[in-house]
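Asker: This one is model-v2.csv, CSV, C-alpha atoms (C1' of nucleotides).
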```csv
chain,number,residue,atom,x,y,z
A,1,MET,CA,-119.7,31.1,-52.7
A,2,GLY,CA,-119.4,34.4,-54.5
A,3,SER,CA,-117.3,35.4,-57.5
A,4,VAL,CA,-113.8,33.8,-57.5
A,5,ARG,CA,-110.6,35.0,-59.1
A,6,ILE,CA,-108.2,32.1,-59.9
A,7,ALA,CA,-104.7,32.4,-61.3
A,8,THR,CA,-101.9,30.2,-62.4
A,9,TRP,CA,-98.2,31.2,-62.7
A,10,ASN,CA,-95.0,29.4,-63.3
A,11,VAL,CA,-92.8,31.7,-61.1
A,12,ASN,CA,-89.4,30.1,-62.1
A,13,SER,CA,-88.1,30.1,-58.5
A,14,ALA,CA,-90.3,31.4,-55.7
A,15,LYS,CA,-87.1,32.6,-53.9
A,16,GLN,CA,-86.0,34.8,-56.8
A,17,ARG,CA,-89.5,35.9,-57.5
A,18,VAL,CA,-90.4,37.2,-54.0
A,19,PRO,CA,-90.0,40.9,-55.0
A,20,ARG,CA,-92.4,40.4,-57.9
A,21,LEU,CA,-94.7,37.8,-56.4
A,22,LEU,CA,-95.9,39.6,-53.3
A,23,PRO,CA,-96.7,42.9,-55.0
A,24,TRP,CA,-98.5,40.9,-57.7
A,25,LEU,CA,-100.7,39.2,-55.1
A,26,ASP,CA,-101.5,42.6,-53.6
A,27,GLU,CA,-102.3,44.1,-57.0
A,28,ARG,CA,-104.4,41.3,-58.5
A,29,ARG,CA,-105.8,39.8,-55.3
A,30,PRO,CA,-106.5,36.3,-56.6
A,31,ASP,CA,-108.6,34.0,-54.4
A,32,VAL,CA,-106.9,30.8,-55.6
A,33,VAL,CA,-103.4,30.7,-57.0
A,34,CYS,CA,-101.6,27.8,-58.6
A,35,PHE,CA,-97.8,28.1,-58.7
A,36,GLN,CA,-95.3,26.1,-60.6
A,37,GLU,CA,-91.5,25.8,-60.6
A,38,THR,CA,-91.2,27.0,-57.0
A,39,LYS,CA,-87.9,25.2,-56.8
A,40,LEU,CA,-88.1,24.9,-53.0
A,41,ALA,CA,-88.6,22.1,-50.5
A,42,ASP,CA,-91.9,22.4,-48.6
A,43,ASP,CA,-90.3,23.7,-45.4
A,44,ALA,CA,-88.1,26.2,-47.3
A,45,PHE,CA,-91.2,27.5,-49.1
A,46,LEU,CA,-93.1,28.0,-45.9
A,47,ASP,CA,-90.1,29.6,-44.2
A,48,LEU,CA,-89.8,32.0,-47.1
A,49,LEU,CA,-93.5,32.9,-47.7
A,50,GLY,CA,-95.6,31.3,-45.0
A,51,ASN,CA,-96.0,34.4,-42.9
A,52,GLU,CA,-96.5,36.7,-45.9
A,53,LEU,CA,-99.2,34.5,-47.3
A,54,SER,CA,-101.1,33.8,-44.1
A,55,GLY,CA,-101.0,37.5,-43.4
A,56,ARG,CA,-102.8,38.0,-46.7
A,57,GLY,CA,-105.4,35.3,-45.7
A,58,TYR,CA,-104.1,32.5,-47.8
A,59,ALA,CA,-104.0,28.8,-46.8
A,60,VAL,CA,-101.2,27.0,-48.6
A,61,ALA,CA,-100.7,23.6,-50.0
A,62,VAL,CA,-97.1,22.9,-51.2
A,63,HIS,CA,-95.4,20.0,-52.9
A,64,GLY,CA,-91.8,20.8,-53.6
A,65,GLU,CA,-88.2,19.8,-53.6
A,66,ALA,CA,-84.9,21.6,-53.7
A,67,THR,CA,-83.6,23.0,-57.0
A,68,TRP,CA,-86.2,21.7,-59.5
A,69,ASN,CA,-89.9,21.5,-60.0
A,70,GLY,CA,-92.2,22.3,-57.1
A,71,VAL,CA,-95.9,23.3,-57.2
A,72,ALA,CA,-98.3,25.0,-54.7
A,73,ILE,CA,-101.8,26.2,-54.3
A,74,LEU,CA,-102.8,29.3,-52.3
A,75,SER,CA,-106.4,29.9,-51.3
A,76,ARG,CA,-108.3,32.3,-49.3
A,77,VAL,CA,-111.7,30.7,-50.0
A,78,GLY,CA,-111.1,27.5,-48.1
A,79,MET,CA,-108.7,24.5,-48.7
A,80,ASP,CA,-109.6,20.9,-48.1
A,81,ASP,CA,-108.4,17.5,-49.1
A,82,VAL,CA,-104.9,18.4,-50.1
A,83,VAL,CA,-103.2,15.6,-52.1
A,84,LYS,CA,-99.5,15.8,-53.1
A,85,GLY,CA,-98.5,14.2,-56.4
A,86,LEU,CA,-100.6,11.9,-58.7
A,87,ASP,CA,-101.6,8.3,-58.0
A,88,GLY,CA,-99.5,6.1,-60.2
A,89,ALA,CA,-97.4,8.9,-61.7
A,90,PRO,CA,-94.1,7.8,-63.2
A,91,GLY,CA,-90.8,9.2,-61.9
A,92,PHE,CA,-87.5,10.1,-63.7
A,93,PRO,CA,-86.5,7.8,-62.3
A,94,HIS,CA,-87.8,8.9,-58.9
A,95,PRO,CA,-91.1,10.7,-58.3
A,96,GLU,CA,-90.9,14.5,-58.8
A,97,SER,CA,-92.9,17.3,-57.3
A,98,ARG,CA,-95.1,18.2,-60.3
A,99,ALA,CA,-98.7,18.1,-59.0
A,100,VAL,CA,-100.7,19.2,-55.9
A,101,SER,CA,-104.5,19.2,-55.6
A,102,ALA,CA,-106.9,20.9,-53.2
A,103,THR,CA,-110.6,21.7,-53.0
A,104,CYS,CA,-111.2,25.4,-52.7
A,105,ALA,CA,-114.6,27.1,-53.0
A,106,GLY,CA,-116.1,23.8,-54.0
A,107,ILE,CA,-113.8,23.4,-56.9
A,108,ARG,CA,-111.1,20.7,-57.2
A,109,PHE,CA,-107.9,22.5,-58.3
A,110,VAL,CA,-104.8,20.6,-59.6
A,111,SER,CA,-101.7,22.7,-60.0
A,112,VAL,CA,-99.4,20.9,-62.5
A,113,TYR,CA,-95.9,21.3,-63.9
A,114,VAL,CA,-95.8,18.8,-66.8
A,115,PRO,CA,-92.4,17.4,-67.6
A,116,ASN,CA,-90.6,19.3,-70.4
A,117,GLY,CA,-89.9,16.3,-72.6
A,118,ARG,CA,-86.5,17.7,-73.7
A,119,ALA,CA,-86.3,16.0,-77.2
A,120,PRO,CA,-89.0,14.0,-79.0
A,121,GLY,CA,-88.3,10.3,-78.7
A,122,SER,CA,-86.0,10.8,-75.6
A,123,GLU,CA,-86.6,9.0,-72.3
A,124,HIS,CA,-87.8,12.3,-70.9
A,125,TYR,CA,-90.3,12.7,-73.7
A,126,GLU,CA,-91.7,9.2,-72.9
A,127,TYR,CA,-91.8,10.2,-69.3
A,128,LYS,CA,-93.8,13.3,-70.2
A,129,LEU,CA,-96.4,11.3,-72.1
A,130,ALA,CA,-96.7,8.7,-69.3
A,131,TRP,CA,-97.0,11.5,-66.7
A,132,LEU,CA,-99.8,13.1,-68.8
A,133,ALA,CA,-101.6,9.7,-68.8
A,134,SER,CA,-101.5,9.6,-65.0
A,135,LEU,CA,-102.8,13.1,-64.9
A,136,ARG,CA,-105.7,12.1,-67.1
A,137,ALA,CA,-106.4,9.1,-64.9
A,138,THR,CA,-106.5,11.2,-61.8
A,139,VAL,CA,-108.8,13.9,-63.3
A,140,ALA,CA,-111.1,11.2,-64.8
A,141,ALA,CA,-112.4,10.4,-61.3
A,142,SER,CA,-114.5,13.6,-61.3
A,143,PRO,CA,-113.7,15.9,-64.2
A,144,GLU,CA,-116.8,18.0,-63.8
A,145,ALA,CA,-115.7,19.6,-60.6
A,146,THR,CA,-112.1,19.9,-61.6
A,147,VAL,CA,-109.9,22.7,-62.8
A,148,VAL,CA,-106.4,21.8,-64.0
A,149,CYS,CA,-104.1,24.8,-63.9
A,150,GLY,CA,-100.5,25.0,-64.8
A,151,ASP,CA,-97.6,24.8,-67.1
A,152,MET,CA,-98.6,22.0,-69.5
A,153,ASN,CA,-95.4,22.4,-71.6
A,154,ILE,CA,-97.6,21.8,-74.6
A,155,ALA,CA,-98.8,24.4,-77.1
A,156,PRO,CA,-102.3,23.1,-78.0
A,157,THR,CA,-102.2,24.2,-81.6
A,158,ASP,CA,-100.0,26.0,-84.1
A,159,ASP,CA,-101.8,29.2,-83.2
A,160,ASP,CA,-100.2,28.9,-79.8
A,161,VAL,CA,-96.6,29.4,-81.0
A,162,PHE,CA,-95.2,32.5,-82.6
A,163,ASP,CA,-93.9,30.6,-85.6
A,164,PRO,CA,-94.9,27.0,-86.2
A,165,ASP,CA,-91.9,26.5,-88.6
A,166,ALA,CA,-89.5,27.4,-85.8
A,167,TYR,CA,-90.8,24.5,-83.7
A,168,ILE,CA,-90.8,21.7,-86.2
A,169,GLY,CA,-89.1,18.7,-84.6
A,170,GLN,CA,-89.3,20.3,-81.1
A,171,THR,CA,-91.2,19.3,-78.1
A,172,HIS,CA,-94.3,21.1,-77.0
A,173,VAL,CA,-95.9,20.9,-80.5
A,174,THR,CA,-95.6,17.2,-81.5
A,175,ARG,CA,-98.7,15.1,-82.3
A,176,PRO,CA,-98.3,12.7,-79.3
A,177,GLU,CA,-98.1,15.6,-76.9
A,178,ARG,CA,-101.1,17.4,-78.4
A,179,HIS,CA,-103.0,14.1,-78.5
A,180,ALA,CA,-102.3,13.6,-74.8
A,181,LEU,CA,-103.6,17.1,-74.0
A,182,ALA,CA,-106.6,16.5,-76.2
A,183,GLU,CA,-107.3,13.2,-74.3
A,184,LEU,CA,-107.2,15.2,-71.1
A,185,GLN,CA,-109.6,17.8,-72.4
A,186,ALA,CA,-111.8,15.0,-73.8
A,187,LEU,CA,-112.8,14.4,-70.2
A,188,GLY,CA,-114.8,17.6,-70.5
A,189,LEU,CA,-112.2,20.2,-69.6
A,190,ARG,CA,-112.3,23.5,-71.6
A,191,ASP,CA,-109.4,25.7,-72.4
A,192,VAL,CA,-111.0,28.8,-71.0
A,193,VAL,CA,-108.5,31.4,-72.3
A,194,ARG,CA,-108.7,30.1,-75.9
A,195,ASP,CA,-112.5,29.9,-75.6
A,196,ARG,CA,-112.6,33.5,-74.6
A,197,TRP,CA,-110.1,34.7,-77.2
A,198,PRO,CA,-110.5,32.3,-80.2
A,199,ASN,CA,-108.7,34.5,-82.7
A,200,GLU,CA,-106.2,36.5,-80.6
A,201,ARG,CA,-102.5,36.1,-80.4
A,202,VAL,CA,-102.1,35.0,-76.8
A,203,PHE,CA,-98.9,33.7,-75.2
A,204,THR,CA,-97.9,32.9,-71.7
A,205,TYR,CA,-94.2,32.2,-72.0
A,206,TRP,CA,-91.4,34.1,-73.7
A,207,ASP,CA,-87.7,33.0,-73.7
A,208,TYR,CA,-85.5,35.4,-71.7
A,209,ARG,CA,-83.1,35.7,-74.6
A,210,ALA,CA,-82.9,37.9,-77.6
A,211,GLY,CA,-85.7,40.2,-76.7
A,212,MET,CA,-88.3,37.6,-77.3
A,213,PHE,CA,-90.9,39.1,-75.0
A,214,HIS,CA,-90.3,42.6,-76.4
A,215,GLN,CA,-91.1,41.2,-79.9
A,216,ASP,CA,-93.9,39.1,-78.5
A,217,LEU,CA,-92.4,35.9,-79.8
A,218,GLY,CA,-93.7,33.4,-77.4
A,219,MET,CA,-95.9,30.3,-76.8
A,220,ARG,CA,-99.1,29.6,-74.9
A,221,ILE,CA,-98.3,26.7,-72.7
A,222,ASP,CA,-99.8,27.7,-69.4
A,223,LEU,CA,-103.5,26.7,-69.4
A,224,VAL,CA,-106.6,26.8,-67.2
A,225,LEU,CA,-108.6,23.7,-68.1
A,226,ALA,CA,-112.0,23.7,-66.5
A,227,GLY,CA,-115.0,21.3,-66.3
A,228,ALA,CA,-118.2,22.6,-67.7
A,229,PRO,CA,-119.8,23.8,-64.4
A,230,VAL,CA,-116.8,26.0,-63.8
A,231,ALA,CA,-116.1,27.0,-67.5
A,232,ASP,CA,-119.7,28.2,-67.7
A,233,ARG,CA,-119.0,30.6,-64.9
A,234,VAL,CA,-116.0,32.3,-66.6
A,235,ARG,CA,-116.5,36.0,-66.8
A,236,ALA,CA,-112.9,37.0,-67.8
A,237,ALA,CA,-109.8,35.0,-68.8
A,238,TRP,CA,-106.6,36.8,-69.7
A,239,VAL,CA,-102.8,36.7,-69.5
A,240,ASP,CA,-101.2,39.2,-67.1
A,241,ARG,CA,-98.4,40.4,-69.4
A,242,HIS,CA,-97.5,43.2,-66.9
A,243,ALA,CA,-96.0,40.6,-64.6
A,244,ARG,CA,-93.6,39.5,-67.4
A,245,LYS,CA,-92.2,43.1,-67.9
A,246,GLY,CA,-89.3,44.8,-66.1
A,247,THR,CA,-86.5,43.4,-64.0
A,248,GLY,CA,-86.8,40.2,-62.0
A,249,ALA,CA,-89.7,38.7,-64.0
A,250,SER,CA,-90.4,35.1,-64.5
A,251,ASP,CA,-90.2,33.9,-68.1
A,252,HIS,CA,-93.9,33.0,-67.8
A,253,ALA,CA,-96.8,35.4,-67.2
A,254,PRO,CA,-99.7,34.6,-64.9
A,255,VAL,CA,-103.1,33.5,-66.3
A,256,ILE,CA,-106.0,35.1,-64.5
A,257,VAL,CA,-109.6,33.8,-64.7
A,258,ASP,CA,-112.6,35.4,-63.0
A,259,LEU,CA,-115.6,33.2,-62.2
A,260,ASP,CA,-119.1,34.5,-61.6
A,261,GLU,CA,-121.0,33.5,-58.6
A,262,ALA,CA,-122.1,29.9,-58.6
A,263,PRO,CA,-125.6,29.4,-60.0
A,264,ASP,CA,-127.0,28.8,-56.5
A,265,GLY,CA,-126.0,32.3,-55.7
A,266,ASP,CA,-127.7,35.3,-57.4
A,267,ILE,CA,-125.9,38.2,-58.9
A,268,GLY,CA,-128.1,38.9,-61.9
A,269,PRO,CA,-127.3,38.7,-65.6
A,270,VAL,CA,-123.8,38.1,-66.8
A,271,VAL,CA,-122.3,41.0,-68.8
A,272,PRO,CA,-119.7,39.7,-71.3
A,273,PRO,CA,-116.4,41.7,-71.6
A,274,PRO,CA,-116.2,44.1,-74.6
A,275,SER,CA,-114.9,42.5,-77.8
A,276,ARG,CA,-111.4,43.5,-79.0
A,277,PRO,CA,-110.1,43.7,-82.6
A,278,VAL,CA,-108.4,40.6,-83.9
A,279,VAL,CA,-104.7,41.0,-84.0
A,280,LYS,CA,-103.0,39.5,-87.1
A,281,ARG,CA,-100.6,36.8,-86.2
A,282,GLY,CA,-97.0,37.5,-86.7
A,283,ALA,CA,-94.9,35.3,-89.0
A,284,LYS,CA,-91.5,36.4,-87.7
A,285,LYS,CA,-88.6,34.1,-87.8
A,286,LEU,CA,-86.6,33.0,-84.8
A,287,PRO,CA,-83.7,35.4,-84.4
A,288,GLN,CA,-80.5,33.7,-85.7
A,289,ALA,CA,-77.0,33.9,-84.4
A,290,PRO,CA,-74.7,36.2,-86.4
B,1,DA,C1',-74.6,28.0,-80.4
B,2,DT,C1',-80.4,23.7,-79.0
B,3,DG,C1',-78.3,28.1,-74.9
B,4,DC,C1',-78.3,34.7,-77.4
B,5,DC,C1',-80.9,34.4,-70.5
B,6,DT,C1',-81.8,32.8,-65.9
B,7,DG,C1',-81.6,29.9,-61.8
B,8,DA,C1',-79.3,26.4,-58.9
B,9,DA,C1',-75.5,23.8,-57.0
B,10,DG,C1',-71.1,23.7,-56.2
B,11,DG,C1',-67.0,25.4,-56.8
B,12,DG,C1',-63.9,29.0,-60.4
B,13,DT,C1',-68.2,25.5,-64.5
B,14,DT,C1',-72.1,22.6,-65.4
B,15,DC,C1',-76.9,21.3,-66.2
B,16,DA,C1',-81.7,22.4,-67.1
B,17,DG,C1',-85.3,25.0,-69.0
B,18,DA,C1',-88.9,25.2,-73.8
```
Show how you would write the structure in this file as C-alpha cells.
Answerer:
Amino acid sequence: MGSVRIATWNVNSAKQRVPRLLPWLDERRPDVVCFQETKLADDAFLDLLGNELSGRGYAVAVHGEATWNGVAILSRVGMDDVVKGLDGAPGFPHPESRAVSATCAGIRFVSVYVPNGRAPGSEHYEYKLAWLASLRATVAASPEATVVCGDMNIAPTDDDVFDPDAYIGQTHVTRPERHALAELQALGLRDVVRDRWPNERVFTYWDYRAGMFHQDLGMRIDLVLAGAPVADRVRAAWVDRHARKGTGASDHAPVIVDLDEAPDGDIGPVVPPPSRPVVKRGAKKLPQAP
DNA sequence: ATGCCTGAAGGGTTCAGA
C-alpha cells in the first residue's frame, strides 16, 4: 500500500454540510475519512451521499440515527470488517451511534464521537467515562494496528484550550476525563498532531458564537490517535482551518494526516516538513455579556 | 445568559452542543 491521507471531521450534520463537504473531498482528496455528528440514520445518509461518494471511489461504513450523533468511515483504499458500535458500550439509556470501525489499507480505523458529558458529576458525565472505558477495552484487542479518529470531547492538556481559566469546572478538561484519555493512549496510541506540533497553538473546534473562530479562541478536541506502526509513518499532520471559514461551516475543522508508504514498500528517505515559528499562546478572556 | 450560534423536531418553542 502506498502513501495514505487520512482525515477526521465532525461535520455537525451531514445534511447541512453537503455544500462544504463534497468540495472539501474534491480539494483534499483524503483516502480514508472519519466523520462524526452526521445526524442521519444509515439509509438517509446513503440516500443523501451514497451516489456522490461511490462516484468518487469511496466505500462507506455508516452507523447513525436521526437527529443526534452518527459516525461514518469513507475509504477508497479498501474496507473490510465493518463493526458498528463498541462491544459492551453503555447507553444513555439506550445505545447511541457513536462508533464505527473498519479495516482500510491494513489499518484498523475507529471513528468515534465521545459523549459530551454536559456537566461534571452528572449522569451524562458518568456515561462519558463509562463509554471511554468501553472504547479502551475495544482498542486493547490490537492497539498496534489501530487508529482512533474523532471527536474525543476532551482537551488533552491545558495547552489545548484557549484559556484554561475559562474552563475551570467545565467538562472536557477535568482530571477523570483526561485520565480516561491517557489510559486509552497508554495502550500505545500517539496523538500525532501534538507530536508534530509540540509547541503550537492548535485548535480543532471553535464555538459559533461571538467571533470565537475569528479570534482563534478554541479547543483541540478532535484527535488522531495512532499505534506506533502507523504513527511512525506520519509525514504531515495538520488542522484544515480553511474548512472552518466562511458560510455554512461546521464548528469543527477537519484534521488531516498523511502517512508515508508502509515499510514493506519503498519510497526512499522521509523528508520532514519545514519547521515553523512557535506562536505565543493567547491568554484572552472569554467574551462576556454586556 | 451555561446559550452571544447552529441544527433538529415539531409546531409558533424547546433541547442539545462544548
Asker: Show me, as a list in words, the residues that have an atom within 9 Å of Ala133 (chain A) when counting only C-alpha atoms (C1' of nucleotides), minus same-chain residues fewer than 2 positions from it.
Answerer: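 Residues near the query, excluding close chain neighbours: Ala89, Lys128, Leu129, Ala130, Trp131, Leu135, Arg136, Ala137, Thr138, Ala180, Glu183 and Leu184 of chain A.
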Asker: Excluding region 207-215 of chain A and its own-chain neighbours fewer than 2 positions away, which residues fall within 7 Å of it when counting only C-alpha atoms (C1' of nucleotides)? Please give them as a PyMOL selection string.
Answerer: (chain A and resi 205+217-218+251) or (chain B and resi 4-5)
Asker: Hey, what's within 9 Å of Ala59 (chain A) if we count all atoms listed in the file and toss same-chain stuff fewer than 4 positions away? As a PDB file with C-alpha atoms, keeping the file's coordinate frame, please?
Answerer:
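Saved result, result16.pdb, follows:
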```
ATOM      1  CA  GLY A  50     -95.600  31.300 -45.000  1.00  0.00           C
ATOM      2  CA  LEU A  53     -99.200  34.500 -47.300  1.00  0.00           C
ATOM      3  CA  SER A  54    -101.100  33.800 -44.100  1.00  0.00           C
ATOM      4  CA  ILE A  73    -101.800  26.200 -54.300  1.00  0.00           C
ATOM      5  CA  LEU A  74    -102.800  29.300 -52.300  1.00  0.00           C
ATOM      6  CA  SER A  75    -106.400  29.900 -51.300  1.00  0.00           C
ATOM      7  CA  ARG A  76    -108.300  32.300 -49.300  1.00  0.00           C
ATOM      8  CA  VAL A  77    -111.700  30.700 -50.000  1.00  0.00           C
ATOM      9  CA  GLY A  78    -111.100  27.500 -48.100  1.00  0.00           C
ATOM     10  CA  MET A  79    -108.700  24.500 -48.700  1.00  0.00           C
TER      11      MET A  79
END
```
Asker: Against chain A, which residues of chain B fall within 10 Å? For each one I want the closest pair of atoms and the distance in Å (one decimal), counting only C-alpha atoms (C1' of nucleotides), rows by chain and increasing residue number, as a Markdown table.
Answerer:
```
| residue | atom | partner | partner_atom | distance |
| --- | --- | --- | --- | --- |
| B:DA1 | C1' | A:Ala289 | CA | 7.5 |
| B:DT2 | C1' | A:Gln170 | CA | 9.8 |
| B:DG3 | C1' | A:Arg209 | CA | 9.0 |
| B:DC4 | C1' | A:Ala210 | CA | 5.6 |
| B:DC5 | C1' | A:Arg209 | CA | 4.8 |
| B:DT6 | C1' | A:Tyr208 | CA | 7.4 |
| B:DG7 | C1' | A:Ser13 | CA | 7.3 |
| B:DA8 | C1' | A:Thr67 | CA | 5.8 |
| B:DA9 | C1' | A:Thr67 | CA | 8.1 |
| B:DA16 | C1' | A:Trp68 | CA | 8.9 |
| B:DG17 | C1' | A:Asn116 | CA | 7.9 |
| B:DA18 | C1' | A:Asn116 | CA | 7.0 |
```
Asker: Could you tell me how far CA of Tyr127 (chain A) sits from CA of Phe92 (chain A), in Å to one decimal place?
Answerer: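 Straight-line distance from CA of Phe92 (chain A) to CA of Tyr127 (chain A) works out to 7.1 Å.
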Asker: Mind giving me the straight-line distance from CA of Val224 (chain A) to CA of Cys149 (chain A) in Å, one decimal?
Answerer: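 One can read the CA of Val224 (chain A) to CA of Cys149 (chain A) distance as 4.6 Å.
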Asker: To one decimal place in Å, what is the distance between CA of Tyr113 (chain A) and CA of Val11 (chain A)?
Answerer: 11.2 Å
Asker: Near region 96-102 of chain A, counting only C-alpha atoms (C1' of nucleotides), which residues have an atom at most 10 Å away, once you skip same-chain residues fewer than 2 positions from it, shown as number ranges by chain?
Answerer: A: 34-41, 60-66, 68-75, 78-86, 89-94, 104-115, 131, 135, 146-151
Asker: Neighbouring residues of Arg190 (chain A) were defined as those with any atom within 10 Å, considering only C-alpha atoms (C1' of nucleotides); residues of the same chain fewer than 5 positions away were excluded. Please report them as a PyMOL selection string.
Answerer: chain A and resi 147-148+184-185+195+223-228+230-232
Asker: Go through A:Asp87, A:Leu48, A:Ala186, A:Glu123 and flag the residue nearest Pro143 (chain A), using only C-alpha atoms for the distances.
Answerer: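 Once distances to Pro143 (chain A) are computed over only C-alpha atoms, the minimum belongs to A:Ala186.
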Asker: Enclose chain B, meaning all of its atoms listed in the file, in a box aligned along x, y and z, pad it by 8 Å on each side, and list the centre and edge lengths in Å to one decimal, as AutoDock Vina command-line options.
Answerer:
```
--center_x -76.4 --center_y 28.0 --center_z -68.3 --size_x 41.0 --size_y 29.4 --size_z 40.2
```
